[in-house]
Every structure is written in structure tokens, then in C-alpha cells.
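Participant: What follows is the file data-v9.cif, containing mmCIF, C-alpha atoms:
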```cif
data_data
#
loop_
_atom_site.label_atom_id
_atom_site.label_comp_id
_atom_site.auth_asym_id
_atom_site.auth_seq_id
_atom_site.Cartn_x
_atom_site.Cartn_y
_atom_site.Cartn_z
CA MET A 1 40.31 -114.17 -22.28
CA VAL A 2 37.28 -115.93 -23.79
CA PRO A 3 35.19 -113.51 -25.87
CA ARG A 4 31.65 -113.12 -24.58
CA PHE A 5 28.92 -114.35 -26.91
CA ASP A 6 31.33 -114.40 -29.82
CA VAL A 7 30.01 -115.60 -33.17
CA THR A 8 32.50 -116.57 -35.85
CA SER A 9 30.89 -117.19 -39.21
CA GLY A 10 31.86 -117.59 -42.80
CA GLY A 11 32.91 -114.13 -43.86
CA ARG A 12 31.65 -112.07 -40.94
CA ARG A 13 31.63 -111.63 -37.18
CA GLY A 14 28.80 -110.56 -34.93
CA ASN A 15 27.98 -110.39 -31.24
CA LEU A 16 25.22 -111.76 -29.05
CA GLN A 17 24.29 -109.80 -25.97
CA ALA A 18 21.83 -110.98 -23.32
CA GLY A 19 20.49 -113.59 -25.73
CA LYS A 20 19.73 -111.09 -28.54
CA ILE A 21 21.42 -110.69 -31.90
CA ARG A 22 22.65 -107.18 -32.62
CA GLY A 23 21.49 -106.03 -36.02
CA MET A 24 19.38 -107.87 -38.54
CA THR A 25 17.93 -111.29 -37.77
CA PRO A 26 16.68 -113.89 -40.25
CA ALA A 27 13.12 -113.01 -39.23
CA GLU A 28 13.76 -109.38 -40.27
CA ASP A 29 15.09 -110.30 -43.72
CA GLY A 30 12.75 -112.65 -45.54
CA ASN A 31 15.49 -113.67 -47.99
CA LEU A 32 18.20 -114.36 -45.41
CA ALA A 33 17.51 -118.03 -44.71
CA GLU A 34 15.40 -119.16 -47.66
CA ASP A 35 18.05 -121.75 -48.51
CA GLY A 36 18.92 -122.53 -44.89
CA ILE A 37 18.64 -126.03 -43.51
CA LEU A 38 16.32 -125.08 -40.66
CA GLN A 39 13.02 -125.48 -42.45
CA PRO A 40 9.68 -127.04 -41.45
CA GLY A 41 9.87 -130.76 -42.15
CA ALA A 42 13.65 -130.99 -41.76
CA VAL A 43 14.84 -134.00 -39.73
CA ALA A 44 17.10 -133.49 -36.72
CA LEU A 45 18.73 -135.97 -34.35
CA VAL A 46 19.48 -134.62 -30.86
CA THR A 47 21.54 -136.83 -28.55
CA GLY A 48 21.36 -136.46 -24.79
CA ALA A 49 17.81 -135.21 -25.33
CA SER A 50 16.23 -136.50 -22.12
CA ALA A 51 17.15 -133.41 -20.08
CA GLY A 52 18.97 -130.09 -19.99
CA ILE A 53 20.38 -128.60 -23.17
CA GLY A 54 19.30 -131.58 -25.27
CA ALA A 55 15.65 -131.36 -24.21
CA ALA A 56 15.65 -127.57 -24.63
CA THR A 57 17.10 -127.94 -28.12
CA ALA A 58 14.49 -130.54 -29.06
CA ARG A 59 11.75 -128.14 -27.93
CA ALA A 60 13.26 -125.22 -29.85
CA LEU A 61 13.59 -127.24 -33.06
CA ALA A 62 10.10 -128.72 -32.77
CA ALA A 63 8.74 -125.18 -32.40
CA ARG A 64 10.26 -124.46 -35.84
CA GLY A 65 8.41 -127.39 -37.40
CA VAL A 66 11.44 -129.68 -37.44
CA ARG A 67 10.86 -133.41 -37.07
CA VAL A 68 13.02 -134.15 -34.03
CA ILE A 69 14.48 -137.53 -33.13
CA CYS A 70 15.13 -137.40 -29.39
CA ALA A 71 17.88 -139.83 -28.38
CA SER A 72 19.31 -140.85 -25.02
CA ARG A 73 19.63 -143.81 -22.68
CA ASN A 74 16.56 -142.76 -20.67
CA LYS A 75 13.68 -143.96 -22.85
CA ALA A 76 10.99 -143.18 -20.26
CA ARG A 77 11.98 -139.52 -20.17
CA LEU A 78 12.20 -139.41 -23.94
CA ASP A 79 8.68 -140.76 -24.24
CA ASP A 80 7.42 -137.97 -22.00
CA LEU A 81 9.28 -135.38 -24.07
CA VAL A 82 7.96 -136.75 -27.35
CA THR A 83 4.42 -136.68 -25.99
CA GLU A 84 4.96 -133.01 -25.13
CA LEU A 85 6.42 -132.19 -28.56
CA GLY A 86 3.69 -133.90 -30.57
CA ALA A 87 3.41 -135.97 -33.71
CA GLY A 88 6.58 -134.70 -35.40
CA ALA A 89 8.85 -136.06 -32.67
CA GLN A 90 10.31 -139.53 -32.27
CA ALA A 91 12.09 -141.16 -29.32
CA ILE A 92 14.94 -143.62 -29.75
CA GLU A 93 17.06 -145.25 -27.08
CA LEU A 94 20.73 -144.55 -27.72
CA ASP A 95 23.87 -145.11 -25.68
CA VAL A 96 26.65 -143.29 -27.51
CA ALA A 97 29.25 -145.22 -25.48
CA ASP A 98 27.91 -148.54 -26.85
CA PRO A 99 29.21 -149.28 -30.37
CA ALA A 100 26.30 -151.60 -31.20
CA SER A 101 23.74 -148.99 -30.15
CA VAL A 102 25.26 -146.35 -32.39
CA GLU A 103 25.99 -148.64 -35.34
CA SER A 104 22.33 -149.71 -35.46
CA LEU A 105 21.00 -146.18 -35.01
CA ILE A 106 20.04 -145.35 -38.59
CA GLU A 107 18.45 -148.73 -39.32
CA ARG A 108 16.37 -148.48 -36.13
CA LEU A 109 14.80 -145.22 -37.31
CA PRO A 110 11.59 -145.15 -39.36
CA GLU A 111 12.50 -144.99 -43.05
CA ASP A 112 11.11 -141.48 -43.48
CA LEU A 113 13.44 -140.19 -40.73
CA ARG A 114 16.70 -141.74 -41.89
CA ALA A 115 17.76 -138.86 -44.14
CA LEU A 116 19.02 -136.63 -41.35
CA ASP A 117 19.44 -132.94 -42.11
CA ILE A 118 20.74 -131.93 -38.67
CA LEU A 119 22.76 -133.64 -35.96
CA VAL A 120 23.10 -132.04 -32.52
CA ALA A 121 25.76 -134.12 -30.75
CA ASN A 122 24.99 -133.14 -27.18
CA ALA A 123 25.44 -136.28 -25.05
CA GLY A 124 28.08 -135.90 -22.38
CA HIS A 125 28.83 -136.02 -18.65
CA ASP A 126 31.46 -135.43 -15.97
CA LEU A 127 30.87 -138.39 -13.68
CA GLY A 128 33.10 -138.15 -10.62
CA GLY A 129 34.68 -134.92 -11.84
CA ARG A 130 35.74 -131.70 -10.13
CA ARG A 131 38.41 -133.41 -8.06
CA PRO A 132 42.19 -133.93 -8.30
CA PHE A 133 43.20 -136.51 -10.88
CA ASP A 134 44.62 -139.03 -8.39
CA GLU A 135 41.46 -138.93 -6.26
CA GLY A 136 39.16 -139.92 -9.12
CA ALA A 137 38.29 -143.46 -10.15
CA VAL A 138 39.83 -144.63 -13.40
CA ALA A 139 36.49 -146.13 -14.39
CA ASP A 140 34.88 -142.67 -14.11
CA TRP A 141 37.67 -141.01 -16.08
CA VAL A 142 37.37 -143.59 -18.84
CA THR A 143 33.60 -143.29 -19.14
CA ILE A 144 33.88 -139.50 -19.54
CA ILE A 145 36.17 -140.01 -22.54
CA GLU A 146 34.04 -142.85 -23.91
CA THR A 147 30.91 -140.70 -23.87
CA ASN A 148 32.14 -137.17 -24.54
CA VAL A 149 34.74 -138.00 -27.18
CA ILE A 150 34.44 -141.53 -28.56
CA GLY A 151 30.64 -141.47 -28.38
CA MET A 152 30.53 -138.20 -30.27
CA ILE A 153 32.89 -139.57 -32.90
CA ARG A 154 30.79 -142.72 -33.30
CA THR A 155 27.59 -140.71 -33.64
CA CYS A 156 29.08 -138.37 -36.22
CA HIS A 157 30.47 -141.33 -38.15
CA ALA A 158 27.03 -142.93 -38.22
CA VAL A 159 25.39 -139.76 -39.56
CA VAL A 160 27.93 -137.82 -41.65
CA PRO A 161 28.29 -140.34 -44.54
CA GLY A 162 24.58 -140.00 -45.30
CA MET A 163 24.86 -136.22 -45.27
CA VAL A 164 27.83 -136.39 -47.62
CA ALA A 165 25.93 -138.71 -49.98
CA ARG A 166 22.92 -136.36 -50.00
CA GLY A 167 25.16 -133.32 -50.42
CA ARG A 168 23.68 -131.44 -47.48
CA GLY A 169 23.63 -131.41 -43.69
CA HIS A 170 24.60 -129.56 -40.53
CA VAL A 171 26.50 -131.06 -37.60
CA VAL A 172 26.42 -129.20 -34.29
CA THR A 173 28.70 -130.40 -31.50
CA LEU A 174 28.40 -129.30 -27.89
CA GLY A 175 31.79 -128.25 -26.70
CA SER A 176 32.39 -126.11 -23.63
CA ILE A 177 34.49 -123.22 -22.43
CA ALA A 178 36.28 -126.10 -20.65
CA GLY A 179 37.69 -126.83 -24.11
CA LEU A 180 39.27 -123.38 -24.28
CA GLY A 181 40.85 -123.15 -20.83
CA THR A 182 41.57 -125.48 -17.96
CA TYR A 183 40.49 -125.40 -14.31
CA LYS A 184 41.59 -127.16 -11.14
CA GLY A 185 39.92 -130.55 -10.84
CA GLY A 186 39.05 -130.68 -14.53
CA THR A 187 41.77 -132.90 -15.98
CA ILE A 188 39.55 -135.41 -17.76
CA TYR A 189 36.57 -133.18 -18.54
CA ASN A 190 38.94 -130.52 -19.88
CA ALA A 191 40.68 -133.18 -21.96
CA SER A 192 37.36 -134.38 -23.37
CA LYS A 193 36.22 -130.91 -24.37
CA TYR A 194 39.59 -129.98 -25.85
CA ALA A 195 39.14 -133.11 -27.97
CA VAL A 196 35.65 -132.03 -29.03
CA HIS A 197 37.03 -128.62 -29.98
CA GLY A 198 39.85 -130.05 -32.10
CA PHE A 199 37.63 -132.68 -33.70
CA THR A 200 34.97 -130.15 -34.67
CA GLU A 201 37.45 -127.70 -36.15
CA ALA A 202 39.07 -130.42 -38.26
CA LEU A 203 35.68 -131.87 -39.28
CA ARG A 204 34.58 -128.47 -40.56
CA LYS A 205 37.76 -128.23 -42.65
CA ASP A 206 37.22 -131.74 -44.05
CA TYR A 207 33.94 -130.60 -45.59
CA GLY A 208 34.73 -126.92 -46.16
CA ALA A 209 34.30 -127.24 -49.92
CA SER A 210 30.90 -128.94 -49.59
CA ASP A 211 27.42 -127.99 -48.39
CA LEU A 212 27.90 -129.84 -45.12
CA ARG A 213 28.22 -127.28 -42.35
CA VAL A 214 29.83 -127.88 -38.96
CA THR A 215 29.35 -125.77 -35.84
CA GLU A 216 30.65 -125.99 -32.29
CA ILE A 217 28.62 -124.41 -29.48
CA LEU A 218 30.76 -123.71 -26.41
CA PRO A 219 28.55 -122.94 -23.39
CA GLY A 220 29.64 -121.50 -20.11
CA LEU A 221 28.08 -122.62 -16.85
CA THR A 222 24.50 -123.78 -17.53
CA ARG A 223 22.06 -124.98 -14.88
CA THR A 224 21.05 -128.53 -15.78
CA GLU A 225 21.20 -131.96 -14.14
CA PHE A 226 24.85 -132.14 -15.18
CA ALA A 227 26.25 -131.22 -11.76
CA ALA A 228 23.95 -133.66 -9.94
CA ALA A 229 24.99 -136.42 -12.35
CA ARG A 230 28.63 -135.63 -11.53
CA HIS A 231 27.72 -136.59 -7.95
CA ARG A 232 25.82 -139.72 -9.06
CA GLY A 233 22.40 -138.13 -8.94
CA ASP A 234 22.79 -136.06 -5.76
CA SER A 235 20.52 -133.12 -6.61
CA THR A 236 21.36 -131.28 -3.38
CA LYS A 237 25.04 -131.11 -4.33
CA GLY A 238 24.11 -130.21 -7.89
CA THR A 239 21.92 -127.31 -6.81
CA ALA A 240 24.52 -126.09 -4.34
CA PHE A 241 27.16 -126.03 -7.08
CA TYR A 242 25.13 -123.77 -9.35
CA ASP A 243 23.98 -121.58 -6.45
CA SER A 244 27.62 -120.86 -5.59
CA PHE A 245 27.96 -118.76 -8.75
CA ALA A 246 26.69 -115.23 -9.29
CA GLU A 247 24.91 -116.11 -12.52
CA VAL A 248 24.40 -119.20 -14.67
CA LEU A 249 22.79 -119.82 -18.03
CA ASP A 250 19.54 -121.65 -18.73
CA PRO A 251 19.37 -124.56 -21.21
CA ALA A 252 17.04 -122.47 -23.36
CA ASP A 253 19.85 -119.93 -23.79
CA ILE A 254 22.01 -122.58 -25.44
CA ALA A 255 19.11 -123.90 -27.51
CA ARG A 256 18.63 -120.40 -28.95
CA ALA A 257 22.31 -120.29 -29.88
CA ILE A 258 21.97 -123.62 -31.69
CA VAL A 259 18.89 -122.42 -33.56
CA TYR A 260 20.74 -119.25 -34.55
CA ALA A 261 23.57 -121.29 -36.08
CA LEU A 262 21.15 -123.56 -37.92
CA GLU A 263 18.93 -120.84 -39.33
CA GLN A 264 21.68 -119.08 -41.28
CA PRO A 265 21.62 -119.09 -45.09
CA ALA A 266 23.74 -121.65 -46.92
CA ARG A 267 26.54 -119.13 -47.53
CA VAL A 268 27.13 -118.68 -43.77
CA THR A 269 28.77 -121.13 -41.39
CA VAL A 270 28.78 -120.24 -37.72
CA ALA A 271 32.00 -122.10 -36.96
CA GLN A 272 32.02 -121.50 -33.20
CA MET A 273 29.79 -119.77 -30.70
CA VAL A 274 30.94 -119.11 -27.14
CA VAL A 275 28.04 -118.35 -24.79
CA VAL A 276 28.71 -117.27 -21.21
CA PRO A 277 26.73 -115.57 -18.45
CA SER A 278 26.67 -111.77 -18.76
CA HIS A 279 28.03 -111.42 -15.23
CA GLU A 280 31.11 -113.61 -15.43
CA ASN A 281 31.89 -115.72 -12.39
#
```
Starting from the file, lay out its structure as C-alpha cells.
Facilitator:
Amino acid sequence: MVPRFDVTSGGRRGNLQAGKIRGMTPAEDGNLAEDGILQPGAVALVTGASAGIGAATARALAARGVRVICASRNKARLDDLVTELGAGAQAIELDVADPASVESLIERLPEDLRALDILVANAGHDLGGRRPFDEGAVADWVTIIETNVIGMIRTCHAVVPGMVARGRGHVVTLGSIAGLGTYKGGTIYNASKYAVHGFTEALRKDYGASDLRVTEILPGLTRTEFAAARHRGDSTKGTAFYDSFAEVLDPADIARAIVYALEQPARVTVAQMVVVPSHEN
């Protein structure tokens, strides 16, 4: 059974309920996050930022005064988002499944934005998913792995060495409850999110003796364009999928969870956070 809104952190456990933190919040204790990484002027890279959880996260971070680099393949959408966010935001075209695009990422950023404090590795999809393995196209299965797993690894490898050299940073990966339990029709998506889960756990242990923190956010069903993209942009099918459930999350719910993990003081690592609808489907 997946725990609801479970927060596992360095040295303590807490619970989230209906999007609220039980007990003291950083805002209620002025000393709690003085040394935290989520400070005005910090630099964050958010992949998959053109829509859904990525866009919501970019908005939430920008509201905290963070300089947000919004990355995705859809530059036109990014430009609109950056215009909305204001002068502290930057758009950059990035295809995490393209080695050249990721390898050139840091050098394509303005010099004052290359020292990344935060990485939110959010890019992912389930193209052609929710069907039996033999009925899916191999090309679709491969691109899920290339984006969700290999693309995440490439992005982290482009960013983490700089964080290690600077002695500070926070990597947030977007896993899924699909990385904790399987479902019919989910062979490849499940496999990709199990890989994200294992990678993130091991990455956190690699840097456990340093000031580089690693967090995995594992959302439950969240209403985004994800389901429509699974059906190659068919928004009618996407809407129908979400409407078939009693309750789904909003991208802003996941963005708040990410902000919560980032705003903790340096002594606290939120290792994993599972966020699911209050009325489970």
C-alpha cells in the first residue's frame, strides 16, 4: 500500500494532507530555512517546462524569486511562459533524448545562469502507452525509455558535476507511483519509472556525505496534457481518461510538493515524497 502524502526526510517523517503541512512550516520558523537552497536569486533549471507539472513548477519557483530556466522542445510555448514569468526567467530549447542538445546545454546558457543551484528533471511521456506490450509499437516503447530514463540521466550528468564542483545543489527527479507498483498496460512506463526510482535513490547515496541533495517526487494521477500526448495529441481522449477517475491532482499540487522539498534547511533532505489524490481511485 502506497502511503498517502508521505514525506521521508533526513532524520524525521511528516505527513501532508490536502496540500497542507501538518505542524510548523518554514514560514512559521524564521530560522528554519535560512541556509536552504531556495532563496531569491537562486538559479533553477526545469525540464519539460512548457506545460503541466513543469510549467507549474516554473511558476512556483519564479514566485519565490528564483531565476528559472524553462527548458523543453516547444520553444514557442516556453517563450510565452517566460513572458508571463518576467525578467528573471529564461527559455532554452532542450530535447533530453538528443545527446547533442543536452551536451551543449550549459554552454548555451547565459554565463550568469550556468551555476545551477536546482535541477528539476521533469521531462517525460508515455507515448502509445496504456496498452498490452505486444500491441504497442517498438518505436514508441523505445522513445519512452530514451526520454524518461536516458534523457534524465543525460540531464543530470550535464548538471551534477558543476554542483559537485561548487559544493552545493539540489536535484529533484519526477518519478511516479508507477515506479512503486505496476498496472495492466504499463509495461514500459512502469519500467521507466522504476528506473527513475532506483537511479534517484542511488544518486542520493552517491552524494550523501556532501551538500548536494537529491529528492524524488512521486505523483499520483495528475491532470495535464500527458494523457492527450499518450494518444498523439488527442485532447478528447486525454480529457476522458482523467474524467474516468473520482479525483485527480492539479499540476500546482505537485509544484507545491517540489517547493516544500527545496525550501528545507541544509540539514534536511526530503528523499521521497509520494503525493496522491485524497480520494484514492
Participant: Please list as a ChimeraX atom specification every residue within 10 Å of Ala202 (chain A), counting only C-alpha atoms and excluding residues in the same chain fewer than 6 positions away.
Facilitator: /A:196,208,214
Participant: Pick the closest to Leu85 (chain A) from A:Ala97, A:Arg230, A:Leu61, A:Arg108: which is it, counting all atoms listed in the file?
Facilitator: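 Of all the options, A:Leu61 lies closest to Leu85 (chain A).
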Participant: For this structure, which residues satisfy the selection - the PyMOL selection byres ((chain A and resi 99) around 12) - when it is evaluated on the file as given? I want them as a PDB file with C-alpha atoms, in the coordinates of the input.
Facilitator:
```
ATOM      1  CA  LEU A  94      20.730-144.550 -27.720  1.00  0.00           C
ATOM      2  CA  ASP A  95      23.870-145.110 -25.680  1.00  0.00           C
ATOM      3  CA  VAL A  96      26.650-143.290 -27.510  1.00  0.00           C
ATOM      4  CA  ALA A  97      29.250-145.220 -25.480  1.00  0.00           C
ATOM      5  CA  ASP A  98      27.910-148.540 -26.850  1.00  0.00           C
ATOM      6  CA  ALA A 100      26.300-151.600 -31.200  1.00  0.00           C
ATOM      7  CA  SER A 101      23.740-148.990 -30.150  1.00  0.00           C
ATOM      8  CA  VAL A 102      25.260-146.350 -32.390  1.00  0.00           C
ATOM      9  CA  GLU A 103      25.990-148.640 -35.340  1.00  0.00           C
ATOM     10  CA  SER A 104      22.330-149.710 -35.460  1.00  0.00           C
ATOM     11  CA  LEU A 105      21.000-146.180 -35.010  1.00  0.00           C
ATOM     12  CA  GLU A 146      34.040-142.850 -23.910  1.00  0.00           C
ATOM     13  CA  THR A 147      30.910-140.700 -23.870  1.00  0.00           C
ATOM     14  CA  ILE A 150      34.440-141.530 -28.560  1.00  0.00           C
ATOM     15  CA  GLY A 151      30.640-141.470 -28.380  1.00  0.00           C
ATOM     16  CA  MET A 152      30.530-138.200 -30.270  1.00  0.00           C
ATOM     17  CA  ILE A 153      32.890-139.570 -32.900  1.00  0.00           C
ATOM     18  CA  ARG A 154      30.790-142.720 -33.300  1.00  0.00           C
ATOM     19  CA  THR A 155      27.590-140.710 -33.640  1.00  0.00           C
ATOM     20  CA  HIS A 157      30.470-141.330 -38.150  1.00  0.00           C
ATOM     21  CA  ALA A 158      27.030-142.930 -38.220  1.00  0.00           C
TER      22      ALA A 158
END
```
Participant: Region 200-203 of chain A, all listed atoms, 4 Å padding on each side: what axis-aligned box centre and edge lengths in Å to one decimal come out, as lines of an AutoDock Vina configuration file?
Facilitator:
```
center_x = 37.0
center_y = -129.8
center_z = -37.0
size_x = 12.1
size_y = 12.2
size_z = 12.6
```
Participant: My list of candidates is A:Gly233, A:Gly65, A:Gly169, A:Pro265. Which is closest to Leu116 (chain A) when distances are computed with only C-alpha atoms?
Facilitator: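 Result for the nearest residue to Leu116 (chain A): A:Gly169.
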Participant: If you apply the PyMOL selection byres ((chain A and resi 249) around 12) to this file, what residues do you get, as an MDAnalysis selection string?
Facilitator: chainID A and resid 18:19 52:53 219:224 242:243 245:248 250:257 275:281
Participant: Could I get region 58-160 of chain A from the block written out with C-alpha atoms, as an mmCIF file, in the first residue's frame?
Facilitator:
```
data_model
loop_
_atom_site.group_PDB
_atom_site.id
_atom_site.type_symbol
_atom_site.label_atom_id
_atom_site.label_comp_id
_atom_site.auth_asym_id
_atom_site.auth_seq_id
_atom_site.Cartn_x
_atom_site.Cartn_y
_atom_site.Cartn_z
ATOM 1 C CA ALA A 58 8.472 27.187 -13.022
ATOM 2 C CA ARG A 59 5.676 29.496 -11.847
ATOM 3 C CA ALA A 60 6.055 28.408 -8.217
ATOM 4 C CA LEU A 61 9.820 28.919 -8.240
ATOM 5 C CA ALA A 62 9.586 32.281 -10.002
ATOM 6 C CA ALA A 63 7.129 33.402 -7.323
ATOM 7 C CA ARG A 64 9.911 32.728 -4.777
ATOM 8 C CA GLY A 65 12.321 34.996 -6.649
ATOM 9 C CA VAL A 66 14.225 32.132 -8.271
ATOM 10 C CA ARG A 67 15.758 32.724 -11.696
ATOM 11 C CA VAL A 68 14.126 29.929 -13.673
ATOM 12 C CA ILE A 69 15.483 28.396 -16.866
ATOM 13 C CA CYS A 70 12.482 26.860 -18.625
ATOM 14 C CA ALA A 71 13.540 24.031 -20.930
ATOM 15 C CA SER A 72 11.626 21.863 -23.393
ATOM 16 C CA ARG A 73 11.333 21.076 -27.088
ATOM 17 C CA ASN A 74 8.455 23.544 -27.541
ATOM 18 C CA LYS A 75 10.240 26.898 -27.722
ATOM 19 C CA ALA A 76 7.109 28.862 -28.672
ATOM 20 C CA ARG A 77 5.329 27.763 -25.506
ATOM 21 C CA LEU A 78 8.416 28.457 -23.445
ATOM 22 C CA ASP A 79 8.600 31.987 -24.791
ATOM 23 C CA ASP A 80 5.008 32.579 -23.700
ATOM 24 C CA LEU A 81 5.759 31.188 -20.243
ATOM 25 C CA VAL A 82 8.885 33.302 -19.842
ATOM 26 C CA THR A 83 6.944 36.410 -20.843
ATOM 27 C CA GLU A 84 4.434 35.564 -18.116
ATOM 28 C CA LEU A 85 7.147 34.952 -15.501
ATOM 29 C CA GLY A 86 9.089 38.131 -16.189
ATOM 30 C CA ALA A 87 12.695 39.229 -16.352
ATOM 31 C CA GLY A 88 14.117 36.522 -14.085
ATOM 32 C CA ALA A 89 13.087 33.701 -16.418
ATOM 33 C CA GLN A 90 14.903 32.292 -19.429
ATOM 34 C CA ALA A 91 13.733 29.907 -22.166
ATOM 35 C CA ILE A 92 16.005 27.329 -23.748
ATOM 36 C CA GLU A 93 15.137 24.676 -26.292
ATOM 37 C CA LEU A 94 16.110 21.253 -24.999
ATOM 38 C CA ASP A 95 15.419 17.728 -26.219
ATOM 39 C CA VAL A 96 16.581 15.417 -23.443
ATOM 40 C CA ALA A 97 16.503 12.470 -25.866
ATOM 41 C CA ASP A 98 19.071 14.200 -28.120
ATOM 42 C CA PRO A 99 22.645 13.808 -26.800
ATOM 43 C CA ALA A 100 23.901 16.903 -28.633
ATOM 44 C CA SER A 101 21.100 19.051 -27.222
ATOM 45 C CA VAL A 102 21.889 18.033 -23.657
ATOM 46 C CA GLU A 103 25.681 18.112 -24.011
ATOM 47 C CA SER A 104 25.531 21.721 -25.232
ATOM 48 C CA LEU A 105 23.013 22.791 -22.588
ATOM 49 C CA ILE A 106 25.310 24.561 -20.138
ATOM 50 C CA GLU A 107 27.330 26.382 -22.796
ATOM 51 C CA ARG A 108 24.121 27.626 -24.432
ATOM 52 C CA LEU A 109 23.029 29.334 -21.210
ATOM 53 C CA PRO A 110 23.970 32.937 -20.413
ATOM 54 C CA GLU A 111 27.119 32.940 -18.286
ATOM 55 C CA ASP A 112 25.317 34.275 -15.218
ATOM 56 C CA LEU A 113 22.898 31.317 -15.309
ATOM 57 C CA ARG A 114 25.382 28.479 -15.701
ATOM 58 C CA ALA A 115 25.953 27.903 -11.978
ATOM 59 C CA LEU A 116 22.764 25.945 -11.400
ATOM 60 C CA ASP A 117 21.548 25.598 -7.823
ATOM 61 C CA ILE A 118 18.474 23.484 -8.611
ATOM 62 C CA LEU A 119 17.595 20.921 -11.263
ATOM 63 C CA VAL A 120 14.005 19.715 -11.643
ATOM 64 C CA ALA A 121 14.233 16.775 -14.059
ATOM 65 C CA ASN A 122 10.612 16.626 -15.147
ATOM 66 C CA ALA A 123 10.613 15.784 -18.875
ATOM 67 C CA GLY A 124 8.798 12.560 -19.663
ATOM 68 C CA HIS A 125 5.965 10.938 -21.615
ATOM 69 C CA ASP A 126 4.031 7.723 -22.230
ATOM 70 C CA LEU A 127 3.579 7.844 -25.994
ATOM 71 C CA GLY A 128 1.424 4.930 -27.142
ATOM 72 C CA GLY A 129 1.076 3.589 -23.610
ATOM 73 C CA ARG A 130 -1.785 2.054 -21.643
ATOM 74 C CA ARG A 131 -1.999 -0.985 -23.903
ATOM 75 C CA PRO A 132 -0.688 -4.575 -23.842
ATOM 76 C CA PHE A 133 3.014 -4.855 -24.600
ATOM 77 C CA ASP A 134 2.599 -6.752 -27.882
ATOM 78 C CA GLU A 135 0.099 -4.200 -29.217
ATOM 79 C CA GLY A 136 2.460 -1.254 -28.818
ATOM 80 C CA ALA A 137 4.974 -0.049 -31.385
ATOM 81 C CA VAL A 138 8.606 -0.726 -30.539
ATOM 82 C CA ALA A 139 9.466 2.803 -31.640
ATOM 83 C CA ASP A 140 7.062 4.185 -29.005
ATOM 84 C CA TRP A 141 8.426 1.910 -26.292
ATOM 85 C CA VAL A 142 11.983 2.939 -27.097
ATOM 86 C CA THR A 143 11.239 6.666 -27.062
ATOM 87 C CA ILE A 144 9.641 6.364 -23.605
ATOM 88 C CA ILE A 145 12.872 4.887 -22.259
ATOM 89 C CA GLU A 146 15.022 7.371 -24.185
ATOM 90 C CA THR A 147 13.171 10.331 -22.688
ATOM 91 C CA ASN A 148 12.140 9.186 -19.220
ATOM 92 C CA VAL A 149 15.316 7.326 -18.303
ATOM 93 C CA ILE A 150 18.239 8.059 -20.616
ATOM 94 C CA GLY A 151 17.222 11.697 -21.045
ATOM 95 C CA MET A 152 17.029 12.162 -17.294
ATOM 96 C CA ILE A 153 20.435 10.543 -16.864
ATOM 97 C CA ARG A 154 21.948 12.781 -19.549
ATOM 98 C CA THR A 155 20.468 15.901 -17.986
ATOM 99 C CA CYS A 156 21.693 15.003 -14.516
ATOM 100 C CA HIS A 157 25.142 14.210 -15.891
ATOM 101 C CA ALA A 158 25.274 17.619 -17.562
ATOM 102 C CA VAL A 159 24.351 19.428 -14.337
ATOM 103 C CA VAL A 160 25.612 17.412 -11.359
#
```
